[in-house]
>>> print(open('start_35.pdb').read())   # PDB, C-alpha atoms
ATOM      1  CA  MET A   1     -20.271  13.689 -19.673  1.00  0.00           C
ATOM      2  CA  ASP A   2     -18.500  10.347 -19.589  1.00  0.00           C
ATOM      3  CA  PRO A   3     -18.738   8.857 -16.060  1.00  0.00           C
ATOM      4  CA  VAL A   4     -15.123   7.598 -16.191  1.00  0.00           C
ATOM      5  CA  ASP A   5     -11.946   9.383 -17.228  1.00  0.00           C
ATOM      6  CA  ILE A   6     -10.389   6.279 -18.796  1.00  0.00           C
ATOM      7  CA  GLU A   7      -6.885   7.717 -18.966  1.00  0.00           C
ATOM      8  CA  LYS A   8      -6.821   8.665 -15.280  1.00  0.00           C
ATOM      9  CA  PHE A   9      -8.602   5.464 -14.297  1.00  0.00           C
ATOM     10  CA  ASP A  10      -6.012   3.327 -16.109  1.00  0.00           C
ATOM     11  CA  LYS A  11      -3.129   5.343 -14.678  1.00  0.00           C
ATOM     12  CA  TRP A  12      -4.297   5.068 -11.061  1.00  0.00           C
ATOM     13  CA  SER A  13      -5.508   1.506 -11.450  1.00  0.00           C
ATOM     14  CA  ASN A  14      -2.057   0.461 -12.679  1.00  0.00           C
ATOM     15  CA  GLN A  15      -0.372   2.466  -9.924  1.00  0.00           C
ATOM     16  CA  PHE A  16      -2.640   0.884  -7.313  1.00  0.00           C
ATOM     17  CA  GLU A  17      -1.760  -2.589  -8.621  1.00  0.00           C
ATOM     18  CA  SER A  18       1.967  -1.760  -8.517  1.00  0.00           C
ATOM     19  CA  MET A  19       1.744  -0.486  -4.955  1.00  0.00           C
ATOM     20  CA  LEU A  20      -0.224  -3.550  -3.893  1.00  0.00           C
ATOM     21  CA  MET A  21       2.502  -5.805  -5.321  1.00  0.00           C
ATOM     22  CA  GLN A  22       5.132  -3.740  -3.503  1.00  0.00           C
ATOM     23  CA  LEU A  23       3.189  -4.051  -0.247  1.00  0.00           C
ATOM     24  CA  LYS A  24       3.052  -7.833  -0.662  1.00  0.00           C
ATOM     25  CA  SER A  25       6.790  -7.901  -1.390  1.00  0.00           C
ATOM     26  CA  HIS A  26       7.590  -5.890   1.743  1.00  0.00           C
ATOM     27  CA  GLU A  27       5.289  -8.115   3.794  1.00  0.00           C
ATOM     28  CA  LYS A  28       7.150 -11.221   2.571  1.00  0.00           C
ATOM     29  CA  ALA A  29      10.483  -9.560   3.350  1.00  0.00           C
ATOM     30  CA  LEU A  30       9.308  -8.781   6.881  1.00  0.00           C
ATOM     31  CA  LEU A  31       8.173 -12.364   7.446  1.00  0.00           C
ATOM     32  CA  SER A  32      11.444 -13.694   6.062  1.00  0.00           C
ATOM     33  CA  ALA A  33      13.486 -11.357   8.269  1.00  0.00           C
ATOM     34  CA  ALA A  34      11.468 -12.398  11.313  1.00  0.00           C
ATOM     35  CA  HIS A  35      12.337 -16.053  10.692  1.00  0.00           C
ATOM     36  CA  CYS A  36      16.036 -15.362  10.068  1.00  0.00           C
ATOM     37  CA  HIS A  37      16.864 -13.136  13.042  1.00  0.00           C
ATOM     38  CA  PRO A  38      16.716 -13.946  16.732  1.00  0.00           C
ATOM     39  CA  LEU A  39      14.234 -11.932  18.764  1.00  0.00           C
ATOM     40  CA  ALA A  40      16.989 -10.044  20.549  1.00  0.00           C
ATOM     41  CA  ASP A  41      20.654 -10.134  19.729  1.00  0.00           C
ATOM     42  CA  THR A  42      21.795  -7.463  22.194  1.00  0.00           C
ATOM     43  CA  ALA A  43      20.789  -6.375  25.659  1.00  0.00           C
ATOM     44  CA  TYR A  44      19.466  -3.067  24.285  1.00  0.00           C
ATOM     45  CA  LEU A  45      16.350  -3.311  22.144  1.00  0.00           C
ATOM     46  CA  SER A  46      17.111  -0.064  20.295  1.00  0.00           C
ATOM     47  CA  GLU A  47      20.399  -1.585  19.062  1.00  0.00           C
ATOM     48  CA  CYS A  48      18.953  -5.018  18.284  1.00  0.00           C
ATOM     49  CA  ALA A  49      19.452  -5.882  14.596  1.00  0.00           C
ATOM     50  CA  SER A  50      16.142  -7.720  14.357  1.00  0.00           C
ATOM     51  CA  GLN A  51      14.302  -4.771  15.923  1.00  0.00           C
ATOM     52  CA  VAL A  52      15.932  -2.335  13.504  1.00  0.00           C
ATOM     53  CA  SER A  53      15.121  -4.624  10.574  1.00  0.00           C
ATOM     54  CA  THR A  54      11.511  -5.000  11.704  1.00  0.00           C
ATOM     55  CA  GLU A  55      11.080  -1.251  12.094  1.00  0.00           C
ATOM     56  CA  LYS A  56      12.532  -0.688   8.619  1.00  0.00           C
ATOM     57  CA  HIS A  57      10.100  -3.173   7.051  1.00  0.00           C
ATOM     58  CA  LEU A  58       7.143  -1.772   8.986  1.00  0.00           C
ATOM     59  CA  THR A  59       8.016   1.747   7.819  1.00  0.00           C
ATOM     60  CA  LYS A  60       8.056   0.530   4.212  1.00  0.00           C
ATOM     61  CA  ILE A  61       4.722  -1.230   4.717  1.00  0.00           C
ATOM     62  CA  GLY A  62       3.225   1.911   6.276  1.00  0.00           C
ATOM     63  CA  ASN A  63       4.415   3.976   3.306  1.00  0.00           C
ATOM     64  CA  ASP A  64       2.933   1.401   0.910  1.00  0.00           C
ATOM     65  CA  ILE A  65      -0.424   1.608   2.665  1.00  0.00           C
ATOM     66  CA  ARG A  66      -0.413   5.423   2.480  1.00  0.00           C
ATOM     67  CA  ALA A  67       0.467   5.222  -1.236  1.00  0.00           C
ATOM     68  CA  LEU A  68      -2.382   2.754  -1.781  1.00  0.00           C
ATOM     69  CA  GLY A  69      -4.781   5.204  -0.135  1.00  0.00           C
ATOM     70  CA  PHE A  70      -3.508   8.008  -2.370  1.00  0.00           C
ATOM     71  CA  CYS A  71      -3.965   5.823  -5.471  1.00  0.00           C
ATOM     72  CA  TYR A  72      -7.423   4.787  -4.305  1.00  0.00           C
ATOM     73  CA  ASN A  73      -8.499   8.400  -3.822  1.00  0.00           C
ATOM     74  CA  ASN A  74      -7.231   9.349  -7.284  1.00  0.00           C
ATOM     75  CA  LEU A  75      -8.833   6.275  -8.810  1.00  0.00           C
ATOM     76  CA  ARG A  76     -12.121   7.208  -7.200  1.00  0.00           C
ATOM     77  CA  ALA A  77     -11.788  10.814  -8.403  1.00  0.00           C
ATOM     78  CA  SER A  78     -11.411   9.562 -11.979  1.00  0.00           C
ATOM     79  CA  MET A  79     -14.950   8.206 -11.780  1.00  0.00           C
ATOM     80  CA  GLN A  80     -17.820  10.688 -11.957  1.00  0.00           C
ATOM     81  CA  MET A  81     -20.382   8.882  -9.834  1.00  0.00           C
ATOM     82  CA  ASN A  82     -21.979   9.344  -6.470  1.00  0.00           C
ATOM     83  CA  ASP A  83     -20.809   7.487  -3.370  1.00  0.00           C
ATOM     84  CA  GLU A  84     -23.592   4.903  -3.484  1.00  0.00           C
ATOM     85  CA  GLN A  85     -22.720   3.867  -7.044  1.00  0.00           C
ATOM     86  CA  PHE A  86     -19.009   3.685  -6.216  1.00  0.00           C
ATOM     87  CA  GLU A  87     -19.631   1.513  -3.148  1.00  0.00           C
ATOM     88  CA  LEU A  88     -21.574  -0.968  -5.280  1.00  0.00           C
ATOM     89  CA  LEU A  89     -18.411  -1.583  -7.359  1.00  0.00           C
ATOM     90  CA  LYS A  90     -16.485  -2.962  -4.383  1.00  0.00           C
TER      91      LYS A  90
END
>>> encode(input="start_35.pdb", output="structure tokens")
Amino acid sequence: MDPVDIEKFDKWSNQFESMLMQLKSHEKALLSAAHCHPLADTAYLSECASQVSTEKHLTKIGNDIRALGFCYNNLRASMQMNDEQFELLK
């Protein structure tokens, strides 16, 4: 039995790379938004545009991280090796 399902490995490796790029993009957007908006533009934090923007970016980043974990798990599943061998690849 081949230790790596090349088709699945390539698929999830490419997906992982795409999600990592998206995470970096959302991180840059968050940093940019933080520099462009005042800390608080209203008396109520829940209505503050910068707070809403920050929460939106953090939600996207959280989703990216979950997607990266999903890709990682599928990437790992495409490789038929024990945990010790897989850890050595890191």
>>> resolve_selection(input="start_35.pdb", expression="the PyMOL selection byres ((chain A and resi 70-72) around 12)", output="VMD selection string")
chain A and resid 8 to 20 63 to 69 73 to 79 86 90
>>> atom_distance(input="start_35.pdb", atom1="CA of Met21 (chain A)", atom2="CA of Ala49 (chain A)")
26.2 Å
>>> atom_distance(input="start_35.pdb", atom1="CA of Cys48 (chain A)", atom2="CA of Lys60 (chain A)")
18.6 Å
>>> resolve_selection(input="start_35.pdb", expression="the PyMOL selection byres ((chain A and resi 27) around 12)", output="PyMOL selection string")
chain A and resi 20-26+28-34+54+56-62+64-65
